[in-house]
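Here's structure-v3.txt, which has compact mmCIF, C-alpha atoms and all ligand atoms:
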# COMPACT_ATOMS: atom_id res chain seq x y z
CA MET S 1 -21.29 84.75 58.94
CA LYS S 2 -19.75 87.92 60.37
CA LEU S 3 -17.65 87.57 63.54
CA THR S 4 -19.96 89.98 65.41
CA THR S 5 -23.00 87.87 64.46
CA PHE S 6 -21.24 84.72 65.57
CA LEU S 7 -20.28 86.26 68.93
CA ARG S 8 -23.78 87.63 69.48
CA PHE S 9 -25.36 84.18 68.92
CA SER S 10 -22.75 82.50 71.10
CA ALA S 11 -23.54 84.88 73.98
CA PHE S 12 -27.27 84.30 73.54
CA GLY S 13 -26.74 80.53 73.50
CA LEU S 14 -24.57 80.53 76.61
CA SER S 15 -26.96 82.62 78.69
CA THR S 16 -29.97 80.56 77.51
CA ILE S 17 -28.29 77.30 78.48
CA LEU S 18 -26.79 78.51 81.78
CA PHE S 19 -29.91 80.25 83.03
CA GLN S 20 -32.44 77.86 81.37
CA LYS S 21 -34.05 80.85 79.65
CA LYS S 22 -36.98 80.58 77.26
CA LYS S 23 -36.24 83.73 75.24
CA PRO S 24 -36.64 83.33 71.46
CA ILE S 25 -33.90 84.01 68.91
CA LEU S 26 -35.57 82.79 65.68
CA GLY S 27 -38.82 84.26 64.37
CA THR S 28 -40.93 83.49 61.33
CA ILE S 29 -43.42 85.94 59.85
CA ILE S 30 -46.16 84.51 57.63
CA LEU S 31 -46.71 87.02 54.81
CA THR S 32 -49.82 85.38 53.39
CA ASP S 33 -51.38 81.93 53.13
CA LYS S 34 -52.16 82.58 49.47
CA CYS S 35 -50.38 80.18 47.15
CA ASN S 36 -50.17 79.41 43.44
CA LEU S 37 -49.66 75.69 44.20
CA SER S 38 -51.56 73.06 46.08
CA CYS S 39 -48.98 70.53 47.22
CA LYS S 40 -50.10 67.10 48.43
CA HIS S 41 -48.34 67.38 51.81
CA CYS S 42 -49.34 70.95 52.70
CA ALA S 43 -52.10 72.01 55.07
CA VAL S 44 -51.51 75.77 55.26
CA ASN S 45 -52.20 77.10 51.77
CA ASN S 46 -55.16 79.21 50.67
CA ILE S 47 -57.15 78.98 53.89
CA THR S 48 -57.97 82.70 53.73
CA SER S 49 -55.79 83.76 50.74
CA VAL S 50 -55.33 87.12 52.43
CA ILE S 51 -52.10 89.01 51.72
CA TYR S 52 -51.24 90.79 54.97
CA PRO S 53 -50.59 94.52 54.50
CA TYR S 54 -47.14 96.07 54.64
CA HIS S 55 -47.82 98.13 57.79
CA GLN S 56 -48.85 94.94 59.63
CA ILE S 57 -45.76 92.98 58.55
CA LYS S 58 -43.54 95.93 59.50
CA HIS S 59 -45.22 96.10 62.90
CA GLU S 60 -44.65 92.36 63.41
CA MET S 61 -40.98 92.78 62.47
CA LYS S 62 -40.62 95.49 65.13
CA ILE S 63 -42.32 93.32 67.78
CA LEU S 64 -40.02 90.39 67.06
CA TYR S 65 -36.94 92.61 67.02
CA LYS S 66 -37.87 94.09 70.40
CA GLN S 67 -38.16 90.57 71.82
CA GLY S 68 -34.50 90.02 70.93
CA ILE S 69 -35.09 87.90 67.84
CA ARG S 70 -32.22 88.24 65.37
CA ILE S 71 -32.84 85.39 62.90
CA LEU S 72 -35.88 86.13 60.77
CA PHE S 73 -37.68 83.93 58.25
CA PHE S 74 -40.39 85.09 55.87
CA CYS S 75 -42.73 82.24 55.00
CA GLY S 76 -46.19 81.59 53.53
CA GLY S 77 -48.23 80.52 51.55
CA GLU S 78 -46.02 81.70 48.75
CA THR S 79 -43.74 84.54 49.82
CA PHE S 80 -43.14 85.75 46.25
CA LEU S 81 -46.87 86.46 45.89
CA TRP S 82 -46.57 89.02 48.66
CA GLN S 83 -46.99 92.57 47.43
CA ASP S 84 -48.39 95.80 48.81
CA GLY S 85 -48.33 98.73 46.38
CA GLU S 86 -44.71 99.06 45.24
CA LYS S 87 -43.37 96.84 48.02
CA ASN S 88 -42.44 93.21 47.50
CA VAL S 89 -40.64 90.51 49.49
CA ARG S 90 -37.25 91.93 48.49
CA ASP S 91 -38.14 95.24 50.15
CA LEU S 92 -39.10 93.35 53.32
CA VAL S 93 -35.74 91.59 53.38
CA ARG S 94 -33.86 94.86 52.92
CA GLU S 95 -35.89 96.56 55.66
CA ALA S 96 -35.41 93.63 58.05
CA LYS S 97 -31.65 93.91 57.54
CA GLU S 98 -31.76 97.67 58.10
CA MET S 99 -33.76 97.11 61.28
CA GLY S 100 -30.91 94.97 62.63
CA PHE S 101 -31.89 91.35 62.02
CA LEU S 102 -28.61 89.49 61.58
CA ILE S 103 -29.88 86.63 59.42
CA VAL S 104 -32.88 87.01 57.10
CA ASN S 105 -34.12 84.02 55.12
CA VAL S 106 -37.05 83.55 52.74
CA VAL S 107 -38.88 80.28 52.06
CA THR S 108 -40.31 79.93 48.55
CA ASN S 109 -41.67 77.36 46.14
CA GLY S 110 -39.23 78.70 43.52
CA THR S 111 -41.78 79.18 40.75
CA PHE S 112 -41.07 82.93 40.45
CA PRO S 113 -37.83 84.57 39.26
CA LEU S 114 -35.31 84.66 42.09
CA GLU S 115 -34.04 88.19 42.62
CA LEU S 116 -33.21 88.22 46.29
CA PRO S 117 -29.47 88.80 46.76
CA GLU S 118 -29.98 90.52 50.14
CA ALA S 119 -31.37 87.36 51.78
CA ASP S 120 -28.87 85.23 53.67
CA LEU S 121 -30.62 82.14 52.36
CA ILE S 122 -33.44 81.51 49.94
CA LEU S 123 -34.91 78.21 51.15
CA LEU S 124 -36.30 76.80 47.95
CA SER S 125 -38.60 73.81 48.22
CA LEU S 126 -37.65 70.93 45.97
CA ASP S 127 -39.41 67.70 46.83
CA GLY S 128 -37.46 65.16 44.83
CA GLY S 129 -36.36 64.40 41.31
CA LYS S 130 -38.59 65.62 38.49
CA GLU S 131 -41.16 62.82 38.62
CA ASN S 132 -41.84 62.81 42.36
CA HIS S 133 -41.47 66.55 42.81
CA ASN S 134 -44.12 67.10 40.12
CA LEU S 135 -46.35 64.44 41.67
CA ILE S 136 -46.26 66.33 44.97
CA ARG S 137 -46.07 69.94 43.72
CA GLY S 138 -47.67 69.90 40.26
CA ASP S 139 -45.74 70.45 37.03
CA THR S 140 -43.19 72.94 38.38
CA PHE S 141 -39.80 71.19 38.30
CA ASP S 142 -38.56 72.65 34.99
CA THR S 143 -39.66 76.18 35.91
CA ILE S 144 -37.82 75.91 39.23
CA MET S 145 -34.62 74.60 37.59
CA ASN S 146 -34.74 77.51 35.15
CA ASN S 147 -35.28 80.01 37.99
CA ILE S 148 -32.30 78.57 39.88
CA GLU S 149 -30.09 78.82 36.77
CA THR S 150 -31.08 82.45 36.18
CA ALA S 151 -31.09 83.56 39.85
CA VAL S 152 -29.05 86.70 40.46
CA SER S 153 -27.25 85.32 43.55
CA ASP S 154 -25.85 82.06 44.90
CA ASN S 155 -27.73 82.07 48.22
CA ILE S 156 -30.15 79.20 47.46
CA CYS S 157 -30.57 76.28 49.83
CA LEU S 158 -32.89 73.51 48.63
CA TYR S 159 -35.54 72.53 51.15
CA MET S 160 -37.02 69.04 50.93
CA ALA S 161 -39.82 67.53 53.00
CA ILE S 162 -39.20 63.77 52.89
CA ASN S 163 -42.33 61.64 52.69
CA LYS S 164 -43.61 58.25 51.45
CA ILE S 165 -43.55 59.43 47.82
CA ASN S 166 -40.05 60.94 47.56
CA LYS S 167 -37.98 59.08 50.19
CA GLY S 168 -35.97 57.40 47.41
CA ASP S 169 -34.85 60.72 45.90
CA LEU S 170 -32.39 61.96 48.54
CA LYS S 171 -29.24 61.41 46.50
CA GLU S 172 -30.82 62.97 43.41
CA VAL S 173 -31.64 66.17 45.30
CA CYS S 174 -28.17 66.22 46.90
CA THR S 175 -26.62 65.86 43.45
CA ILE S 176 -28.64 68.83 42.16
CA ALA S 177 -27.47 70.84 45.20
CA LYS S 178 -23.86 69.89 44.60
CA HIS S 179 -23.69 70.55 40.88
CA MET S 180 -26.10 73.37 40.07
CA LYS S 181 -24.83 76.89 40.19
CA ASN S 182 -26.36 79.24 42.74
CA ILE S 183 -27.17 76.41 45.20
CA ARG S 184 -25.24 76.23 48.47
CA ALA S 185 -26.77 73.18 50.10
CA VAL S 186 -29.88 71.13 50.75
CA SER S 187 -31.78 71.01 54.03
CA PHE S 188 -34.11 68.10 54.81
CA ASN S 189 -37.21 67.75 56.97
CA PHE S 190 -39.46 64.77 57.49
CA HIS S 191 -43.13 65.02 56.71
CA THR S 192 -45.13 66.33 59.67
CA PRO S 193 -48.56 64.66 59.71
CA TYR S 194 -50.99 67.58 59.70
CA PRO S 195 -54.62 66.40 59.62
CA ASN S 196 -55.47 64.76 56.28
CA THR S 197 -51.81 64.31 55.30
CA GLU S 198 -51.05 61.41 57.67
CA SER S 199 -50.71 58.86 54.86
CA LEU S 200 -47.49 60.56 53.70
CA SER S 201 -45.69 60.00 57.02
CA LEU S 202 -42.66 57.79 57.34
CA SER S 203 -42.35 55.08 59.96
CA LYS S 204 -39.46 55.20 62.46
CA GLU S 205 -37.71 52.48 60.46
CA GLU S 206 -38.06 54.49 57.22
CA LYS S 207 -36.76 57.64 58.97
CA LYS S 208 -33.78 55.65 60.24
CA ILE S 209 -32.97 54.44 56.72
CA CYS S 210 -33.22 58.04 55.39
CA CYS S 211 -30.94 59.36 58.16
CA GLU S 212 -28.39 56.62 57.43
CA GLU S 213 -28.45 57.64 53.77
CA ILE S 214 -28.09 61.35 54.62
CA SER S 215 -25.15 60.51 56.92
CA GLU S 216 -23.46 58.61 54.10
CA LEU S 217 -24.10 61.50 51.67
CA LEU S 218 -22.58 63.88 54.24
CA ARG S 219 -19.57 61.60 54.51
CA GLN S 220 -19.21 61.69 50.72
CA GLY S 221 -19.09 65.51 50.84
CA TYR S 222 -22.53 66.46 49.55
CA PRO S 223 -23.56 69.92 50.83
CA ILE S 224 -26.19 69.12 53.46
CA PHE S 225 -27.44 71.76 55.88
CA ASN S 226 -28.61 69.44 58.70
CA LEU S 227 -27.01 68.30 61.93
CA LYS S 228 -26.11 64.61 61.98
CA SER S 229 -25.83 64.73 65.77
CA ALA S 230 -29.60 65.39 65.98
CA PHE S 231 -30.70 62.49 63.74
CA ASP S 232 -31.36 59.96 66.52
CA TYR S 233 -33.58 62.43 68.36
CA ILE S 234 -35.45 63.19 65.14
CA ILE S 235 -35.99 59.52 64.26
CA HIS S 236 -37.40 58.77 67.71
CA ASN S 237 -39.05 62.17 68.27
CA SER S 238 -37.20 62.34 71.56
CA PHE S 239 -36.23 66.03 71.42
CA PRO S 240 -37.96 68.48 73.77
CA THR S 241 -40.99 70.19 72.24
CA PRO S 242 -42.04 72.85 71.57
CA CYS S 243 -38.83 74.76 70.93
CA TYR S 244 -39.06 77.97 73.01
CA GLN S 245 -36.28 79.71 71.07
CA CYS S 246 -38.44 79.79 67.91
CA VAL S 247 -41.66 81.75 67.38
CA VAL S 248 -44.02 82.31 64.49
CA MET S 249 -46.19 85.33 63.83
CA GLU S 250 -49.24 85.17 61.60
CA ASN S 251 -51.77 87.96 61.25
CA GLY S 252 -50.79 89.52 64.60
CA GLN S 253 -50.90 86.23 66.48
CA GLN S 254 -47.67 84.86 67.94
CA SER S 255 -47.12 81.14 68.63
CA ILE S 256 -44.19 79.32 70.16
CA CYS S 257 -42.21 77.10 67.78
CA GLY S 258 -44.64 76.69 64.86
CA ARG S 259 -48.23 77.38 63.83
CA CYS S 260 -48.67 73.65 64.34
CA VAL S 261 -48.23 73.99 68.13
CA GLU S 262 -52.03 74.14 68.49
CA ILE S 263 -52.61 70.77 66.79
CA LYS S 264 -53.11 68.12 69.44
CA ASN S 265 -50.30 65.52 69.70
CA LEU S 266 -48.54 66.78 66.57
CA CYS S 267 -45.31 67.74 68.36
CA ASN S 268 -44.81 64.04 69.25
CA LYS S 269 -44.65 63.36 65.52
CA CYS S 270 -42.83 66.52 64.42
CA GLY S 271 -40.66 66.15 61.33
CA TYR S 272 -39.08 69.62 61.34
CA PHE S 273 -35.34 69.25 61.81
CA PHE S 274 -34.95 72.90 62.91
CA ALA S 275 -37.26 72.31 65.89
CA ALA S 276 -35.11 69.41 67.05
CA GLU S 277 -31.82 71.16 66.33
CA TYR S 278 -32.66 74.43 68.11
CA ALA S 279 -34.34 72.67 71.06
CA LEU S 280 -31.28 70.44 71.57
CA VAL S 281 -28.77 73.27 71.19
CA PHE S 282 -30.52 75.42 73.78
CA LYS S 283 -30.86 72.49 76.18
CA GLY S 284 -27.08 72.44 76.10
CA ASN S 285 -26.48 69.28 74.04
CA PHE S 286 -22.74 69.60 73.43
CA ARG S 287 -22.50 67.46 70.28
CA VAL S 288 -25.35 69.32 68.61
CA ILE S 289 -23.86 72.72 69.59
CA VAL S 290 -20.51 71.87 67.99
CA ASP S 291 -22.26 70.45 64.92
CA MET S 292 -24.39 73.60 64.58
CA LEU S 293 -21.41 75.94 64.85
CA LYS S 294 -19.53 74.01 62.14
CA THR S 295 -22.53 73.74 59.82
CA TYR S 296 -23.75 77.34 60.14
CA LEU S 297 -20.27 78.76 59.63
CA LYS S 298 -20.01 76.70 56.44
CA TYR S 299 -23.28 77.70 54.78
CA ILE S 300 -24.31 81.15 56.07
C1 LIG A 401 -45.60 75.90 53.88
S1 LIG A 401 -44.31 76.15 52.76
C2 LIG A 401 -44.35 77.92 52.50
C3 LIG A 401 -43.28 78.44 51.60
C4 LIG A 401 -43.40 78.06 50.13
N1 LIG A 401 -44.70 78.10 49.64
C5 LIG A 401 -42.77 76.72 49.89
O1 LIG A 401 -43.42 75.78 49.46
O2 LIG A 401 -41.56 76.64 50.15
C6 LIG A 401 -42.83 75.99 53.78
C7 LIG A 401 -42.19 74.63 53.78
O3 LIG A 401 -43.01 73.75 54.53
C8 LIG A 401 -42.94 72.49 53.92
N2 LIG A 401 -44.09 71.69 54.33
C9 LIG A 401 -45.37 71.84 54.00
N3 LIG A 401 -46.12 70.88 54.58
C10 LIG A 401 -45.28 70.12 55.29
C11 LIG A 401 -45.45 68.98 56.10
N4 LIG A 401 -46.63 68.41 56.28
N5 LIG A 401 -44.36 68.45 56.69
C12 LIG A 401 -43.13 69.00 56.52
N6 LIG A 401 -42.91 70.08 55.75
C13 LIG A 401 -43.98 70.62 55.15
C14 LIG A 401 -42.95 72.80 52.46
O4 LIG A 401 -42.49 71.71 51.68
C15 LIG A 401 -42.03 73.99 52.41
O5 LIG A 401 -40.70 73.58 52.25
S1 LIG A 402 -46.04 75.88 47.60
FE1 LIG A 402 -45.68 75.95 49.82
S2 LIG A 402 -47.51 76.94 50.69
FE2 LIG A 402 -47.96 76.40 48.57
S3 LIG A 402 -49.06 74.49 48.75
FE3 LIG A 402 -46.88 74.02 48.40
S4 LIG A 402 -45.93 73.82 50.43
FE4 LIG A 402 -47.94 74.79 50.68
S1 LIG A 403 -42.35 70.85 67.67
FE1 LIG A 403 -44.57 71.08 67.43
S2 LIG A 403 -44.91 73.26 67.16
FE2 LIG A 403 -42.73 72.88 66.81
S3 LIG A 403 -42.58 72.61 64.57
FE3 LIG A 403 -42.81 70.59 65.49
S4 LIG A 403 -45.01 70.16 65.41
FE4 LIG A 403 -44.76 72.35 65.11
Can the structure from this file be put into structure tokens for me?
Ligand SMILES: C[S@@+](CC[C@H](N)C(=O)[O-])C[C@H]1O[C@@H](n2cnc3c(N)ncnc32)[C@H](O)[C@@H]1O
Ligand code: SF4
Ligand code: SF4
Amino acid sequence: MKLTTFLRFSAFGLSTILFQKKKPILGTIILTDKCNLSCKHCAVNNITSVIYPYHQIKHEMKILYKQGIRILFFCGGETFLWQDGEKNVRDLVREAKEMGFLIVNVVTNGTFPLELPEADLILLSLDGGKENHNLIRGDTFDTIMNNIETAVSDNICLYMAINKINKGDLKEVCTIAKHMKNIRAVSFNFHTPYPNTESLSLSKEEKKICCEEISELLRQGYPIFNLKSAFDYIIHNSFPTPCYQCVVMENGQQSICGRCVEIKNLCNKCGYFFAAEYALVFKGNFRVIVDMLKTYLKYI
């Protein structure tokens, strides 16, 4: 991370904490809900299958930038399916950088060739070792491994949603992250129980066991892009929700924190680590702030 970026975020953090502000810093734009997969745990794919046009996405980028947002995520559906004429997701990343966003990340299922060197991070979903990943995501593991091997840049961070099926695969995914070229780290979330996916949720006790294992893997030096200091809050869902420093934009509609904010009682069961981490940082939790500074400087 550049020094200017670091200083800019530090100033934002300080003023948010001191003046209890609710201004956002992290924005996600949904490019489409169209997807080539149909994962067991997902509730947002192929509801409309509309690919939002370039002019609309560009307009949304400008709105978020004007609000002061400087960390931008492109998400879906599947982001690599996004196309409008000659433009693809790589063009969006380049244009977001030119516009002045300081960190631009793309979330993908990794089933398409990875040519995205301009992104700060490509968050690539891998939901376990081969057997469990394929059980959740269809027969895609080998394609993804090949795309990681042949990626043109080393900015990949694996992204795993831990659930009842794959909770035993944490070390396997960490080992892939540690040893495969082009991968910087792995970032975990717990399953969030959207309607009709509740059966995949972990109990508090299971979350505790997973967090203990992740802590031990961190201690052993595996590259893990999560904040240990937030684990207790995540296990007990005791972090403040929603997180006002994060917003999501889909088809012209802006929501605080996530699209899921509208689903009744879901925030009490939220499994997204970023929501906990950002909410705790901007409430002024000292341990989480220090942990975030160390972790972000290491991987971005
Ligand atoms: C909705 S997908 C969109 C991007 C891309 N299609 C992908 O799979 O990475 C974004 C991330 O949300 C995760 N996800 C989907 N449903 C979830 C749930 N119920 N709980 C936690 N994470 C979930 C996916 O595993 C993926 O890492
Ligand atoms: S690839 Fe992503 S968007 Fe598609 S079904 Fe899976 S989690 Fe959902
Ligand atoms: S806190 Fe609520 S709105 Fe935010 S990601 Fe979690 S479930 Fe979604």
(request) Report as a VMD selection string which protein, DNA and RNA residues come within 10 Å of ligand LIG 403 (chain A), using all atoms listed in the file. (result) chain S and resid 192 to 194 237 239 to 244 246 to 248 255 to 276 279
Let me have the centre and edge lengths in Å, one decimal, of the box along x, y and z around every listed atom of ligand LIG 402 (chain A) with 5 Å of margin on each side, as JSON.
{"center_x": -47.4, "center_y": 75.4, "center_z": 49.1, "size_x": 13.4, "size_y": 13.1, "size_z": 13.1}
(message) Could you list, as a ChimeraX atom specification, all protein and nucleic acid residues with an atom at most 9 Å from ligand LIG 402 (chain A), counting only C-alpha atoms and all ligand atoms?
(response) /S:33-46,75-79,107-111,125,136-137
(request) Write out as a list in words which residues come within 10 Å of Leu124 (chain S) when counting only C-alpha atoms, dropping same-chain ones fewer than 4 positions away. (result)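 Non-adjacent residues within range: Val106, Val107, Thr108, Asn109, Gly110, Thr111, Leu114, Ile144, Ile148, Ile156, Cys157, Leu158, Tyr159, Met160, Ile183, Val186 and Ser187 of chain S.
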Can you write just those residues out, C-alpha atoms, as a tab-separated table (two decimals), in the coordinates of the input?
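Final output, result_34.tsv:
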chain	number	residue	atom	x	y	z
S	106	VAL	CA	-37.05	83.55	52.74
S	107	VAL	CA	-38.88	80.28	52.06
S	108	THR	CA	-40.31	79.93	48.55
S	109	ASN	CA	-41.67	77.36	46.14
S	110	GLY	CA	-39.23	78.70	43.52
S	111	THR	CA	-41.78	79.18	40.75
S	114	LEU	CA	-35.31	84.66	42.09
S	144	ILE	CA	-37.82	75.91	39.23
S	148	ILE	CA	-32.30	78.57	39.88
S	156	ILE	CA	-30.15	79.20	47.46
S	157	CYS	CA	-30.57	76.28	49.83
S	158	LEU	CA	-32.89	73.51	48.63
S	159	TYR	CA	-35.54	72.53	51.15
S	160	MET	CA	-37.02	69.04	50.93
S	183	ILE	CA	-27.17	76.41	45.20
S	186	VAL	CA	-29.88	71.13	50.75
S	187	SER	CA	-31.78	71.01	54.03
(request) List every protein, DNA or RNA residue with an atom no more than 12 Å from (-28.4, 78.8, 72.1) in the file's coordinates, counting only C-alpha atoms, and format the result as a VMD selection string. (result) chain S and resid 6 to 26 243 to 246 277 to 286 288 to 290 292 to 293
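The nearest approach to Asp169 (chain S) among the residues S:Leu116, S:Ile214, S:Leu297, S:Ala96, with only C-alpha atoms taken into account, belongs to S:Ile214.
The residue that comes closest to ligand LIG 401 (chain A), out of S:His236, S:Lys208, S:Lys294, S:His133 and on the basis of all atoms listed in the file, is S:His133.
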(message) Residues near Gly221 (chain S), anyone? I mean within 12 Å using all atoms listed in the file, not counting same-chain ones fewer than 3 positions away, as a VMD selection string.
(response) chain S and resid 171 174 to 175 177 to 178 185 214 to 218 224 to 225
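CA of Glu86 (chain S) lies 25.2 Å from CA of Thr143 (chain S).
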(message) Which residue is closest to Gln253 (chain S)? Choose from S:Val50, S:Ile63, S:Asp291, S:Ser199 and count all atoms listed in the file.
(response)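 Comparing S:Val50, S:Ile63, S:Asp291, S:Ser199 against Gln253 (chain S), the winner is S:Ile63.
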(request) State, in Å with one decimal place, the distance from CA of Ile47 (chain S) to CA of Gly128 (chain S). (result) 25.7 Å
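Nearest to ligand LIG 401 (chain A) of all the residues S:Thr295, S:Asn134, S:Thr32, S:Gln220 is S:Thr32, based on all atoms listed in the file.
Using all atoms listed in the file, the shortest contact distance between ligand LIG 401 (chain A) and any of S:Asn166, S:Gln83, S:Thr5, S:Ser201 is found at S:Ser201.
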(message) Taking 6 positions as the minimum chain separation for residues in the same chain, which residues sit within 10 Å of Glu213 (chain S) when counting only C-alpha atoms? Answer as a ChimeraX atom specification.
(response) /S:168,170-171,207,219
